[in-house]
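Below is the file query31.txt, which contains compact mmCIF, C-alpha atoms and all ligand atoms.
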```txt
# COMPACT_ATOMS: atom_id res chain seq x y z
CA MET A 1 93.76 207.63 168.23
CA LYS A 2 94.59 208.36 164.64
CA LEU A 3 94.29 205.64 162.04
CA LYS A 4 97.31 204.80 159.93
CA GLN A 5 97.48 205.46 156.19
CA THR A 6 96.95 202.42 153.98
CA ALA A 7 100.18 201.60 152.14
CA SER A 8 100.60 202.41 148.47
CA GLN A 9 101.35 199.62 145.96
CA THR A 10 102.28 199.73 142.30
CA VAL A 11 99.63 200.16 139.62
CA GLY A 12 101.42 197.25 137.88
CA PRO A 13 101.57 196.51 134.15
CA TYR A 14 97.88 195.61 133.68
CA PHE A 15 95.95 198.69 134.76
CA ALA A 16 94.67 199.56 131.29
CA TYR A 17 91.43 197.56 131.14
CA GLY A 18 90.42 198.92 134.55
CA LEU A 19 91.62 202.53 134.44
CA THR A 20 91.89 203.49 130.77
CA PRO A 21 89.74 200.82 129.07
CA GLN A 22 88.43 202.72 126.04
CA GLN A 23 91.81 204.17 125.17
CA TYR A 24 93.21 200.63 124.99
CA GLY A 25 90.20 199.13 123.22
CA TYR A 26 88.65 197.11 126.04
CA ASP A 27 84.93 196.52 126.23
CA PHE A 28 84.33 198.66 129.33
CA ARG A 29 83.28 202.31 129.47
CA SER A 30 85.96 204.77 130.61
CA ILE A 31 84.89 207.46 133.01
CA PHE A 32 87.93 209.59 132.27
CA SER A 33 89.39 210.57 128.94
CA ASN A 34 92.41 212.61 127.90
CA ARG A 35 90.27 215.65 127.20
CA ILE A 36 89.29 218.51 129.51
CA ASP A 37 86.45 220.73 128.33
CA GLY A 38 85.70 224.32 129.21
CA ASP A 39 85.94 227.89 128.04
CA GLY A 40 89.33 229.19 127.09
CA GLU A 41 92.18 228.62 124.71
CA ARG A 42 92.63 225.00 123.68
CA ILE A 43 96.12 223.56 124.01
CA ALA A 44 97.71 220.19 123.33
CA LEU A 45 100.06 218.61 125.79
CA SER A 46 102.22 215.58 125.15
CA GLY A 47 105.41 213.94 126.24
CA ARG A 48 107.12 210.76 127.27
CA VAL A 49 108.28 209.12 130.48
CA PHE A 50 111.90 207.92 130.58
CA ASP A 51 113.45 205.38 132.91
CA GLY A 52 116.99 205.46 134.30
CA ASN A 53 118.36 203.98 131.06
CA GLY A 54 116.73 206.72 129.02
CA GLU A 55 114.19 204.31 127.58
CA ALA A 56 110.63 205.46 127.04
CA VAL A 57 108.17 203.73 129.38
CA ASN A 58 105.25 202.04 127.61
CA ASP A 59 103.20 201.18 130.69
CA ALA A 60 102.91 204.43 132.61
CA MET A 61 99.65 206.12 133.45
CA ILE A 62 99.63 209.91 133.60
CA GLU A 63 96.89 211.91 135.27
CA ILE A 64 96.51 215.67 135.11
CA TRP A 65 94.52 218.03 137.30
CA GLN A 66 94.17 221.70 136.56
CA ALA A 67 92.27 224.94 137.05
CA ASP A 68 90.00 226.43 134.42
CA ALA A 69 90.89 229.47 132.31
CA ARG A 70 90.07 231.80 135.22
CA GLY A 71 92.29 229.91 137.63
CA GLN A 72 89.37 228.23 139.43
CA TYR A 73 89.17 224.55 140.41
CA GLN A 74 85.70 223.36 139.46
CA GLY A 75 86.03 219.62 140.01
CA ASN A 76 86.17 218.73 136.33
CA GLY A 77 89.75 219.56 135.35
CA PHE A 78 90.90 215.95 135.43
CA ALA A 79 92.15 213.66 132.66
CA ARG A 80 94.07 210.40 132.34
CA PHE A 81 96.10 208.66 129.65
CA GLY A 82 98.29 205.55 129.40
CA THR A 83 101.53 205.50 127.42
CA GLY A 84 100.86 202.07 125.88
CA THR A 85 98.84 203.00 122.79
CA ASP A 86 101.25 205.39 121.05
CA SER A 87 104.05 203.91 118.94
CA GLN A 88 106.53 206.25 120.65
CA CYS A 89 105.06 205.78 124.15
CA ARG A 90 103.80 209.36 124.26
CA PHE A 91 100.95 210.61 126.38
CA HIS A 92 98.56 213.14 124.85
CA PHE A 93 96.14 215.56 126.46
CA ASP A 94 93.71 217.93 124.80
CA THR A 95 92.85 220.63 127.30
CA ILE A 96 92.45 224.34 127.98
CA ARG A 97 95.12 226.74 129.11
CA PRO A 98 94.71 227.15 132.88
CA GLY A 99 94.64 230.64 134.37
CA SER A 100 96.95 231.77 137.11
CA ILE A 101 95.80 230.65 140.54
CA ASP A 102 95.00 233.00 143.42
CA ASN A 103 96.78 235.71 141.36
CA GLU A 104 99.92 234.31 142.87
CA GLN A 105 100.82 231.04 141.23
CA ALA A 106 101.78 230.92 137.58
CA PRO A 107 99.49 228.84 135.33
CA HIS A 108 100.33 225.20 135.82
CA ILE A 109 98.98 221.67 135.59
CA CYS A 110 99.41 219.09 138.35
CA VAL A 111 100.67 215.71 137.17
CA LEU A 112 100.44 212.31 138.82
CA VAL A 113 102.76 209.59 137.52
CA PHE A 114 101.99 205.89 137.97
CA MET A 115 103.73 202.87 136.48
CA ARG A 116 104.90 199.34 136.99
CA GLY A 117 107.99 199.64 139.18
CA LEU A 118 106.69 202.60 141.17
CA LEU A 119 105.43 201.49 144.57
CA LEU A 120 104.33 205.08 145.21
CA HIS A 121 102.95 207.44 142.59
CA ASN A 122 104.76 210.72 142.08
CA TYR A 123 103.55 214.30 141.86
CA THR A 124 104.97 216.97 139.64
CA ARG A 125 103.78 220.16 137.93
CA ILE A 126 103.85 221.45 134.37
CA TYR A 127 104.58 225.15 133.87
CA PHE A 128 104.56 226.87 130.49
CA SER A 129 107.60 228.17 128.61
CA ASP A 130 105.67 231.21 127.35
CA GLU A 131 104.79 232.41 130.88
CA ALA A 132 108.28 233.49 131.86
CA ALA A 133 107.20 236.54 133.89
CA ALA A 134 104.58 234.63 135.90
CA ASN A 135 106.97 231.71 136.35
CA GLU A 136 109.55 234.01 137.85
CA ARG A 137 107.16 234.98 140.65
CA ASP A 138 105.74 231.50 141.28
CA PRO A 139 106.35 230.38 144.87
CA VAL A 140 106.64 226.68 144.02
CA LEU A 141 109.06 227.19 141.13
CA ASN A 142 111.07 229.51 143.32
CA SER A 143 111.39 226.79 145.95
CA VAL A 144 113.05 224.52 143.38
CA PRO A 145 116.83 224.80 142.99
CA ALA A 146 117.40 226.99 139.91
CA GLU A 147 119.32 224.31 138.02
CA ARG A 148 116.38 221.88 138.25
CA ARG A 149 113.54 224.29 137.42
CA GLY A 150 113.79 223.51 133.73
CA THR A 151 112.47 219.99 134.38
CA LEU A 152 109.08 221.56 135.16
CA ILE A 153 108.73 223.74 132.06
CA ALA A 154 106.80 222.51 129.02
CA GLU A 155 108.14 223.81 125.70
CA ARG A 156 105.71 225.51 123.37
CA SER A 157 105.49 224.93 119.66
CA ASP A 158 102.86 226.32 117.31
CA THR A 159 100.87 223.98 115.10
CA PRO A 160 98.01 224.56 112.66
CA ASP A 161 95.70 223.28 115.44
CA GLY A 162 97.01 225.73 118.02
CA PRO A 163 99.70 225.76 120.66
CA ALA A 164 101.23 222.42 121.62
CA TYR A 165 103.40 221.86 124.67
CA ARG A 166 105.90 219.12 125.19
CA PHE A 167 106.70 217.87 128.65
CA ASP A 168 108.96 214.86 129.18
CA ILE A 169 109.28 213.16 132.53
CA HIS A 170 112.64 211.68 133.57
CA MET A 171 112.40 209.29 136.49
CA GLN A 172 116.16 209.27 137.10
CA GLY A 173 119.45 210.67 135.84
CA GLU A 174 120.90 214.07 135.22
CA ARG A 175 117.57 215.50 134.13
CA GLU A 176 115.50 213.76 136.80
CA THR A 177 112.18 215.58 137.01
CA VAL A 178 111.47 217.43 140.24
CA PHE A 179 108.80 215.51 142.14
CA PHE A 180 106.88 217.03 145.01
CA ASP A 181 105.80 215.90 148.43
CA VAL A 182 102.40 217.62 148.40
CA MET B 1 93.38 223.26 155.29
CA ALA B 2 96.17 220.82 154.47
CA TYR B 3 96.64 217.08 154.59
CA ASN B 4 99.10 215.16 156.70
CA ARG B 5 101.98 214.20 154.45
CA ARG B 6 102.48 210.67 153.26
CA ASP B 7 103.56 208.74 156.31
CA ARG B 8 106.91 207.19 155.41
CA GLU B 9 106.47 204.54 158.08
CA GLN B 10 103.42 203.19 156.27
CA HIS B 11 104.51 203.39 152.63
CA PRO B 12 107.14 201.57 150.57
CA ALA B 13 110.30 203.37 149.47
CA GLN B 14 110.57 204.66 145.90
CA ILE B 15 113.24 202.10 145.16
CA HIS B 16 112.93 198.64 146.69
CA PRO B 17 115.78 196.61 145.15
CA ASP B 18 114.04 193.22 145.50
CA TYR B 19 111.35 194.59 143.20
CA LYS B 20 113.55 194.76 140.10
CA SER B 21 111.59 197.21 138.00
CA SER B 22 111.78 199.84 140.76
CA LEU B 23 115.56 200.10 140.20
CA LEU B 24 115.31 202.12 136.99
CA ARG B 25 111.95 203.72 137.59
CA GLY B 26 111.89 205.02 141.15
CA PRO B 27 113.15 208.61 141.52
CA THR B 28 116.55 208.77 143.21
CA ARG B 29 116.11 212.19 144.80
CA GLU B 30 113.90 213.10 147.72
CA PRO B 31 110.62 214.66 146.68
CA LEU B 32 110.58 218.38 147.38
CA ALA B 33 108.08 219.29 150.10
CA ILE B 34 105.90 222.19 149.01
CA ALA B 35 103.56 224.22 151.16
CA PRO B 36 99.99 223.06 150.68
CA LEU B 37 98.45 225.13 147.87
CA THR B 38 95.03 225.03 146.24
CA SER B 39 96.11 222.95 143.27
CA GLU B 40 96.96 219.79 145.14
CA LEU B 41 94.26 220.30 147.79
CA THR B 42 91.41 220.01 145.32
CA GLY B 43 90.37 217.13 143.12
CA PRO B 44 87.74 215.73 140.82
CA LEU B 45 84.19 215.28 142.13
CA PHE B 46 82.23 212.05 141.86
CA ASN B 47 78.70 210.80 142.25
CA GLN B 48 76.81 207.55 141.79
CA ASP B 49 75.42 208.74 138.44
CA MET B 50 78.82 208.30 136.87
CA LEU B 51 78.55 204.54 137.23
CA GLY B 52 77.03 201.97 134.89
CA GLU B 53 74.49 199.47 136.20
CA PHE B 54 76.92 196.58 136.74
CA ASP B 55 80.09 198.57 137.38
CA SER B 56 80.43 197.19 140.92
CA ASP B 57 79.41 193.63 140.03
CA LEU B 58 82.30 191.90 138.27
CA THR B 59 80.34 188.65 138.18
CA LYS B 60 77.97 190.38 135.76
CA ASN B 61 79.79 193.14 133.91
CA GLY B 62 81.84 190.87 131.66
CA ARG B 63 79.23 188.26 130.79
CA LYS B 64 79.04 187.10 127.20
CA ASN B 65 77.29 183.73 127.27
CA GLY B 66 77.23 182.57 130.89
CA GLU B 67 78.63 183.11 134.35
CA PRO B 68 82.31 183.59 135.12
CA LEU B 69 84.08 180.61 136.71
CA GLY B 70 85.55 180.66 140.19
CA GLU B 71 84.71 181.39 143.79
CA ARG B 72 82.21 184.26 144.12
CA MET B 73 83.04 186.89 146.74
CA VAL B 74 81.68 190.05 148.25
CA VAL B 75 84.44 192.56 148.92
CA HIS B 76 83.30 195.45 151.04
CA GLY B 77 84.62 197.98 153.50
CA ARG B 78 84.91 201.61 154.42
CA VAL B 79 87.11 204.40 153.22
CA LEU B 80 88.16 206.65 156.10
CA ASP B 81 90.74 209.32 156.67
CA GLU B 82 93.38 209.22 159.39
CA ASN B 83 91.08 211.21 161.68
CA ARG B 84 88.42 208.48 161.39
CA ASN B 85 86.13 210.55 159.20
CA PRO B 86 84.29 208.48 156.60
CA LEU B 87 85.04 209.60 153.03
CA PRO B 88 81.81 209.75 151.05
CA HIS B 89 81.45 210.15 147.27
CA THR B 90 84.91 208.91 146.49
CA LEU B 91 85.63 206.80 143.44
CA ILE B 92 87.12 203.32 143.85
CA GLU B 93 88.32 201.53 140.74
CA ILE B 94 89.44 197.89 140.91
CA TRP B 95 91.02 195.42 138.49
CA GLN B 96 92.19 191.86 138.91
CA ALA B 97 93.06 188.53 137.32
CA ASN B 98 90.40 185.87 136.76
CA ALA B 99 90.11 182.70 138.85
CA ALA B 100 92.88 181.06 136.82
CA GLY B 101 95.32 183.92 137.40
CA ARG B 102 94.99 185.43 133.92
CA TYR B 103 94.41 189.11 133.17
CA ILE B 104 92.30 190.09 130.21
CA HIS B 105 95.08 192.60 129.42
CA LYS B 106 96.49 192.09 125.92
CA LEU B 107 100.07 191.94 127.19
CA ASP B 108 99.43 189.20 129.76
CA GLN B 109 101.14 186.16 128.24
CA HIS B 110 100.56 183.77 131.16
CA ASP B 111 99.44 180.42 129.80
CA ALA B 112 96.23 180.17 131.81
CA PRO B 113 92.74 180.32 130.32
CA ILE B 114 90.88 183.56 129.69
CA ASP B 115 87.34 183.45 131.03
CA PRO B 116 85.04 184.72 128.29
CA ASN B 117 82.57 185.87 130.93
CA PHE B 118 84.93 187.79 133.14
CA LEU B 119 86.52 191.16 132.52
CA GLY B 120 87.99 191.76 135.97
CA ALA B 121 87.42 195.52 136.19
CA GLY B 122 84.90 197.43 138.27
CA ARG B 123 84.20 200.66 140.07
CA ALA B 124 82.11 202.04 142.90
CA VAL B 125 81.49 205.37 144.61
CA THR B 126 81.40 205.31 148.42
CA ASP B 127 78.11 206.14 150.16
CA ALA B 128 77.56 208.79 152.85
CA ASP B 129 79.32 206.57 155.44
CA GLY B 130 82.29 205.88 153.18
CA ARG B 131 81.09 202.32 152.48
CA TYR B 132 81.60 200.38 149.26
CA ARG B 133 80.74 196.88 148.04
CA PHE B 134 81.84 194.80 145.07
CA TYR B 135 80.79 191.37 143.88
CA THR B 136 83.57 189.52 142.12
CA ILE B 137 85.44 186.24 141.67
CA LYS B 138 88.46 185.32 143.77
CA PRO B 139 91.53 186.11 141.63
CA GLY B 140 94.14 183.40 141.05
CA ALA B 141 97.88 183.70 141.70
CA TYR B 142 100.04 184.28 138.63
CA PRO B 143 103.73 184.00 137.72
CA TRP B 144 105.81 187.05 136.80
CA GLY B 145 109.35 187.74 135.72
CA ASN B 146 110.87 189.42 138.76
CA HIS B 147 113.03 186.40 139.67
CA HIS B 148 113.06 182.65 139.08
CA ASN B 149 109.72 181.05 139.97
CA ALA B 150 108.20 184.34 141.13
CA TRP B 151 104.42 184.28 141.76
CA ARG B 152 102.20 187.13 142.78
CA PRO B 153 99.90 186.33 145.71
CA ASN B 154 96.17 186.56 145.03
CA HIS B 155 95.32 190.25 144.94
CA ILE B 156 92.91 192.90 143.73
CA HIS B 157 94.24 196.28 142.56
CA PHE B 158 92.50 199.29 144.10
CA SER B 159 92.62 202.92 142.97
CA LEU B 160 91.08 205.65 145.15
CA PHE B 161 90.79 209.42 145.06
CA GLY B 162 89.54 210.82 148.37
CA PRO B 163 88.78 214.53 148.59
CA SER B 164 91.83 215.83 146.69
CA ILE B 165 94.62 214.70 144.44
CA ALA B 166 96.87 214.75 147.52
CA THR B 167 94.81 211.91 149.02
CA ARG B 168 95.00 209.76 145.88
CA LEU B 169 96.03 206.16 146.55
CA VAL B 170 96.69 203.11 144.41
CA THR B 171 97.11 199.92 146.39
CA GLN B 172 96.47 196.17 146.35
CA MET B 173 94.25 194.04 148.55
CA TYR B 174 95.56 190.62 149.56
CA PHE B 175 93.97 187.53 151.12
CA PRO B 176 94.48 186.07 154.60
CA GLY B 177 96.74 183.05 154.95
CA ASP B 178 98.35 183.33 151.51
CA PRO B 179 101.78 181.61 151.65
CA LEU B 180 103.01 183.72 148.71
CA LEU B 181 102.85 186.96 150.73
CA GLU B 182 106.10 186.14 152.45
CA LEU B 183 107.86 185.77 149.10
CA ASP B 184 106.37 188.72 147.24
CA PRO B 185 108.71 191.72 146.85
CA ILE B 186 105.83 194.08 146.11
CA TYR B 187 104.02 193.21 149.34
CA GLN B 188 107.32 192.97 151.23
CA GLY B 189 108.23 196.47 150.02
CA VAL B 190 105.75 197.80 152.58
CA PRO B 191 107.15 198.43 156.09
CA THR B 192 106.43 195.44 158.34
CA ALA B 193 103.95 197.19 160.60
CA ALA B 194 101.84 198.40 157.67
CA ARG B 195 101.71 195.15 155.68
CA GLU B 196 98.93 193.40 157.50
CA ARG B 197 96.55 196.24 156.77
CA LEU B 198 96.73 195.33 153.08
CA VAL B 199 95.28 191.91 153.88
CA ALA B 200 91.46 191.68 153.79
CA ARG B 201 89.76 189.88 156.61
CA PHE B 202 87.37 187.00 156.01
CA ASP B 203 83.93 188.24 157.07
CA ILE B 204 81.24 185.70 157.90
CA GLU B 205 78.74 188.52 158.50
CA ALA B 206 79.15 189.70 154.91
CA THR B 207 79.16 186.15 153.55
CA GLU B 208 75.94 185.50 151.65
CA ALA B 209 74.46 182.05 152.32
CA ASN B 210 74.58 179.73 149.31
CA PHE B 211 76.10 182.51 147.22
CA ALA B 212 79.39 184.24 148.04
CA LEU B 213 82.17 184.50 150.63
CA GLY B 214 82.60 187.86 152.33
CA TYR B 215 85.84 189.79 152.74
CA ARG B 216 86.29 193.14 154.42
CA PHE B 217 88.95 195.65 153.36
CA ASP B 218 89.01 199.09 154.99
CA ILE B 219 91.17 201.79 153.49
CA VAL B 220 92.64 204.84 155.22
CA LEU B 221 93.60 207.92 153.22
CA ARG B 222 95.55 210.96 154.36
CA GLY B 223 93.56 213.12 156.76
CA ALA B 224 93.42 216.84 157.36
CA ALA B 225 96.43 218.07 159.29
CA ALA B 226 95.81 219.84 162.57
CA THR B 227 94.76 223.42 161.77
CA PRO B 228 96.81 226.39 163.01
CA MET B 229 93.85 226.96 165.38
CA ASP B 230 94.25 223.48 166.91
CA GLN B 231 97.96 224.06 167.20
CA LYS B 232 97.35 227.36 168.97
CA LYS B 233 95.02 225.61 171.41
CA GLY B 234 97.77 223.08 172.02
CA ASP B 235 100.30 225.84 172.58
CA ALA B 236 97.99 227.67 174.96
CA LYS B 237 97.57 224.50 176.98
CA LYS B 238 101.32 224.01 177.11
CA GLU B 239 101.79 227.56 178.33
CA ARG B 240 99.24 227.06 181.06
CA VAL B 241 100.95 223.89 182.18
CA ASN B 242 104.27 225.71 182.25
CA HIS B 243 102.73 228.49 184.20
CA GLU B 244 101.25 226.13 186.77
CA ALA B 245 104.55 224.37 187.07
FE FE A 301 98.25 192.27 139.54
```

Represent the supplied structure as structure tokens.
Amino acid sequence: MKLKQTASQTVGPYFAYGLTPQQYGYDFRSIFSNRIDGDGERIALSGRVFDGNGEAVNDAMIEIWQADARGQYQGNGFARFGTGTDSQCRFHFDTIRPGSIDNEQAPHICVLVFMRGLLLHNYTRIYFSDEAAANERDPVLNSVPAERRGTLIAERSDTPDGPAYRFDIHMQGERETVFFDV
Amino acid sequence: MAYNRRDREQHPAQIHPDYKSSLLRGPTREPLAIAPLTSELTGPLFNQDMLGEFDSDLTKNGRKNGEPLGERMVVHGRVLDENRNPLPHTLIEIWQANAAGRYIHKLDQHDAPIDPNFLGAGRAVTDADGRYRFYTIKPGAYPWGNHHNAWRPNHIHFSLFGPSIATRLVTQMYFPGDPLLELDPIYQGVPTAARERLVARFDIEATEANFALGYRFDIVLRGAAATPMDQKKGDAKKERVNHEA
């Protein structure tokens, strides 16, 4: 007989010294940072998480998982950041631009969202505003109702340090981000 | 290769009104089911070398000038998937309050003492049989602001990966016989039938004489869904039965 899945519980407000200790200044080594290394074009990714009142959440933990520049998953495309150390509750990632995957899916980054108040973490995906042609063919984006697709697109801006993308996550409301059952 | 989806009968809802902070933070729309694709079916890889010497011993990894106070425990168990396969080389991260119910976290304002020799965070990587083991101190209960006189039961936070990001799980381990469980909206947010499996079992076998009490907490992550091949076999069998009938 099959075993039953262990229930999810919230990450709570006090995850930082266990999960993101160095970012928050605790005396414990982090095994994940907000940086992903590898060959390819470096990009910056940042954004905020908003609750149903439109207030930025200061105790969310965001994880990202992505392919390398050739669209391959090598086991090291993972990073994590908490929103509690930035004065505007932003998360920041310093990573490489992922390639398109299986020549079918547009370049994207998987996102896991955890916070106090969420009994289950949520999955979403970041696509890139400057990949319009690839986005148009992407099977996952195409499965999303057209009027909600925009919630999955990070907006590009160009900085002296290179391209920067902004991706805000809305837990509720008109612009509620599309979350996936993966 | 795909994983069984999250089993709704085992997990809490996104919004559980008794847990006040879920009201403005839980998504209001159903998550959109997507076909299993490479991205979510892969995940970071782990090995024992990633760990520091005392990462799995919370009685040692926060010491400054002595031993932490409180009841020493061994917390151990296995990480399995739904199909009973052990999950080796998976990362488990834990964090908890100290024996007085105080987190080292800078935002914890509870007026209980900090233990200078206890951090309350640890990590382990499961062995080839999916086993893990931590030494720690039994965490205390602590008050929180959800409602008047709200107290969290004793608990340890657990974070696990499994073989892919789809199998990722963050949960909490509770203790047998805790009268606060009945009153805790976070624990009560779990469907009745699934609650008990969040409660560790006292384990005399794992208890170390003159040293520490043993608790066992097994964790089950999403397993591989039946392959199209298995399904075909099933269909073939059905056909045969029909034919015989
Ligand atoms: Fe807690």

- Item | All residues having an atom within 9 Å of ligand FE 301 (chain A) (all atoms listed in the file) as JSON, numbers by chain | {"A": [10, 11, 12, 13, 14, 15], "B": [95, 96, 97, 103, 141, 142, 152, 153, 154, 155, 156, 157, 172]}

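Among the candidate residues B:Leu32, B:Leu80, B:Ala150, B:Leu107, the one lying nearest to Asp129 of chain B is B:Leu80, with distances computed using all atoms listed in the file.
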
Dump as a tab-separated table the rows for residues of chain A within 6 Å of chain B: closest atom pair and distance in Å with one decimal, all atoms listed in the file counted, ordered by chain and rising residue number.
```
residue	atom	partner	partner_atom	distance
A:Lys2	CA	B:Asn83	CA	5.4
A:Leu3	CA	B:Glu82	CA	4.5
A:Lys4	CA	B:Glu82	CA	5.9
A:Gln5	CA	B:Val220	CA	5.0
A:Thr6	CA	B:Val220	CA	5.1
A:Ala7	CA	B:His11	CA	4.7
A:Ser8	CA	B:Thr171	CA	4.8
A:Gln9	CA	B:Thr171	CA	4.3
A:Tyr14	CA	B:His105	CA	5.9
A:Gly18	CA	B:Ala121	CA	4.8
A:Asp51	CA	B:Arg25	CA	5.2
A:Gly52	CA	B:Leu24	CA	4.6
A:Gly75	CA	B:Pro44	CA	4.3
A:Asn76	CA	B:Pro44	CA	5.6
A:Gly117	CA	B:Ser22	CA	4.1
A:Leu118	CA	B:Gly26	CA	5.7
A:Met171	CA	B:Pro27	CA	5.1
A:Gln172	CA	B:Pro27	CA	5.4
A:Phe179	CA	B:Pro31	CA	5.0
A:Phe180	CA	B:Leu32	CA	4.6
A:Asp181	CA	B:Ala33	CA	4.4
A:Val182	CA	B:Ile34	CA	5.8
```

Keeping only C-alpha atoms, take the residues you just selected and write them out as a PDB file, in the coordinates of the input.
```
ATOM      1  CA  LYS A   2      94.590 208.360 164.640  1.00  0.00           C
ATOM      2  CA  LEU A   3      94.290 205.640 162.040  1.00  0.00           C
ATOM      3  CA  LYS A   4      97.310 204.800 159.930  1.00  0.00           C
ATOM      4  CA  GLN A   5      97.480 205.460 156.190  1.00  0.00           C
ATOM      5  CA  THR A   6      96.950 202.420 153.980  1.00  0.00           C
ATOM      6  CA  ALA A   7     100.180 201.600 152.140  1.00  0.00           C
ATOM      7  CA  SER A   8     100.600 202.410 148.470  1.00  0.00           C
ATOM      8  CA  GLN A   9     101.350 199.620 145.960  1.00  0.00           C
ATOM      9  CA  TYR A  14      97.880 195.610 133.680  1.00  0.00           C
ATOM     10  CA  GLY A  18      90.420 198.920 134.550  1.00  0.00           C
ATOM     11  CA  ASP A  51     113.450 205.380 132.910  1.00  0.00           C
ATOM     12  CA  GLY A  52     116.990 205.460 134.300  1.00  0.00           C
ATOM     13  CA  GLY A  75      86.030 219.620 140.010  1.00  0.00           C
ATOM     14  CA  ASN A  76      86.170 218.730 136.330  1.00  0.00           C
ATOM     15  CA  GLY A 117     107.990 199.640 139.180  1.00  0.00           C
ATOM     16  CA  LEU A 118     106.690 202.600 141.170  1.00  0.00           C
ATOM     17  CA  MET A 171     112.400 209.290 136.490  1.00  0.00           C
ATOM     18  CA  GLN A 172     116.160 209.270 137.100  1.00  0.00           C
ATOM     19  CA  PHE A 179     108.800 215.510 142.140  1.00  0.00           C
ATOM     20  CA  PHE A 180     106.880 217.030 145.010  1.00  0.00           C
ATOM     21  CA  ASP A 181     105.800 215.900 148.430  1.00  0.00           C
ATOM     22  CA  VAL A 182     102.400 217.620 148.400  1.00  0.00           C
TER      23      VAL A 182
END
```

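The space between atom CA of Cys110 of chain A and atom CA of Met1 of chain B spans 18.5 Å.
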
- Item | Å distance separating atom CA of Phe217 of chain B from atom CA of Asn98 of chain B, one decimal place |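 Between atom CA of Phe217 of chain B and atom CA of Asn98 of chain B the gap is 19.3 Å.
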
- Message: Report as a list in words all protein, DNA and RNA residues lying within 7 Å of His121 of chain A, evaluated on all atoms listed in the file, omitting residues in the same chain fewer than 5 positions from it.
- Response: Leu112, Val113 and Phe114 of chain A

- Which value, in Å to one decimal, gives the distance between atom CA of Ala212 of chain B and atom CA of Gln109 of chain B? 29.5 Å

- Message: Set the distance at 7 Å and use all atoms listed in the file: which residues neighbour segment 124-140 of chain A once local chain neighbours fewer than 2 positions away are removed? I'd like the list as a PyMOL selection string.
- Response: (chain A and resi 104-112+122+142-144+152-156+178-180) or (chain B and resi 34)

For those residues, write C-alpha atoms to a file as a PDB file, in the frame of the given file.
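Resulting contents of result_13.pdb:
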```pdb
ATOM      1  CA  GLU A 104      99.920 234.310 142.870  1.00  0.00           C
ATOM      2  CA  GLN A 105     100.820 231.040 141.230  1.00  0.00           C
ATOM      3  CA  ALA A 106     101.780 230.920 137.580  1.00  0.00           C
ATOM      4  CA  PRO A 107      99.490 228.840 135.330  1.00  0.00           C
ATOM      5  CA  HIS A 108     100.330 225.200 135.820  1.00  0.00           C
ATOM      6  CA  ILE A 109      98.980 221.670 135.590  1.00  0.00           C
ATOM      7  CA  CYS A 110      99.410 219.090 138.350  1.00  0.00           C
ATOM      8  CA  VAL A 111     100.670 215.710 137.170  1.00  0.00           C
ATOM      9  CA  LEU A 112     100.440 212.310 138.820  1.00  0.00           C
ATOM     10  CA  ASN A 122     104.760 210.720 142.080  1.00  0.00           C
ATOM     11  CA  ASN A 142     111.070 229.510 143.320  1.00  0.00           C
ATOM     12  CA  SER A 143     111.390 226.790 145.950  1.00  0.00           C
ATOM     13  CA  VAL A 144     113.050 224.520 143.380  1.00  0.00           C
ATOM     14  CA  LEU A 152     109.080 221.560 135.160  1.00  0.00           C
ATOM     15  CA  ILE A 153     108.730 223.740 132.060  1.00  0.00           C
ATOM     16  CA  ALA A 154     106.800 222.510 129.020  1.00  0.00           C
ATOM     17  CA  GLU A 155     108.140 223.810 125.700  1.00  0.00           C
ATOM     18  CA  ARG A 156     105.710 225.510 123.370  1.00  0.00           C
ATOM     19  CA  VAL A 178     111.470 217.430 140.240  1.00  0.00           C
ATOM     20  CA  PHE A 179     108.800 215.510 142.140  1.00  0.00           C
ATOM     21  CA  PHE A 180     106.880 217.030 145.010  1.00  0.00           C
TER      22      PHE A 180
ATOM     23  CA  ILE B  34     105.900 222.190 149.010  1.00  0.00           C
TER      24      ILE B  34
END
```

Name all residues at most 9 Å from Val74 of chain B (count all atoms listed in the file; drop same-chain ones fewer than 4 positions away) and give them as a tab-separated table (two decimals) with C-alpha atoms, in the coordinates of the input.
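Here's the written file part.tsv:
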```tsv
chain	number	residue	atom	x	y	z
B	133	ARG	CA	80.74	196.88	148.04
B	134	PHE	CA	81.84	194.80	145.07
B	135	TYR	CA	80.79	191.37	143.88
B	136	THR	CA	83.57	189.52	142.12
B	137	ILE	CA	85.44	186.24	141.67
B	206	ALA	CA	79.15	189.70	154.91
B	207	THR	CA	79.16	186.15	153.55
B	208	GLU	CA	75.94	185.50	151.65
B	212	ALA	CA	79.39	184.24	148.04
B	213	LEU	CA	82.17	184.50	150.63
B	214	GLY	CA	82.60	187.86	152.33
B	215	TYR	CA	85.84	189.79	152.74
B	216	ARG	CA	86.29	193.14	154.42
```

- Determine the nearest neighbour of Ile31 of chain A from the options A:Ala146, A:Leu141, A:Leu119, A:Leu19, counting all atoms listed in the file.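 Of A:Ala146, A:Leu141, A:Leu119, A:Leu19, the one nearest Ile31 of chain A is A:Leu19, counting all atoms listed in the file.
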
- Message: Taking (92.6, 224.8, 130.2) in the coordinates of the supplied file, I want to know which residues reach to within 12 Å of it, counting all atoms listed in the file; could you give the answer as a PyMOL selection string?
- Response: chain A and resi 35-45+64-74+76-79+93-100+107-109+163

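With distances restricted to all atoms listed in the file, A:Gln22 is the closest residue to Arg80 of chain A from A:Asp27, A:Gln22, A:Val57, A:Phe167.
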
- Hey, which of B:Tyr174, B:Tyr132, B:Leu87, B:Asn65 ends up closest to Phe202 of chain B? Count only C-alpha atoms.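 Closest to Phe202 of chain B, using only C-alpha atoms: B:Tyr174.
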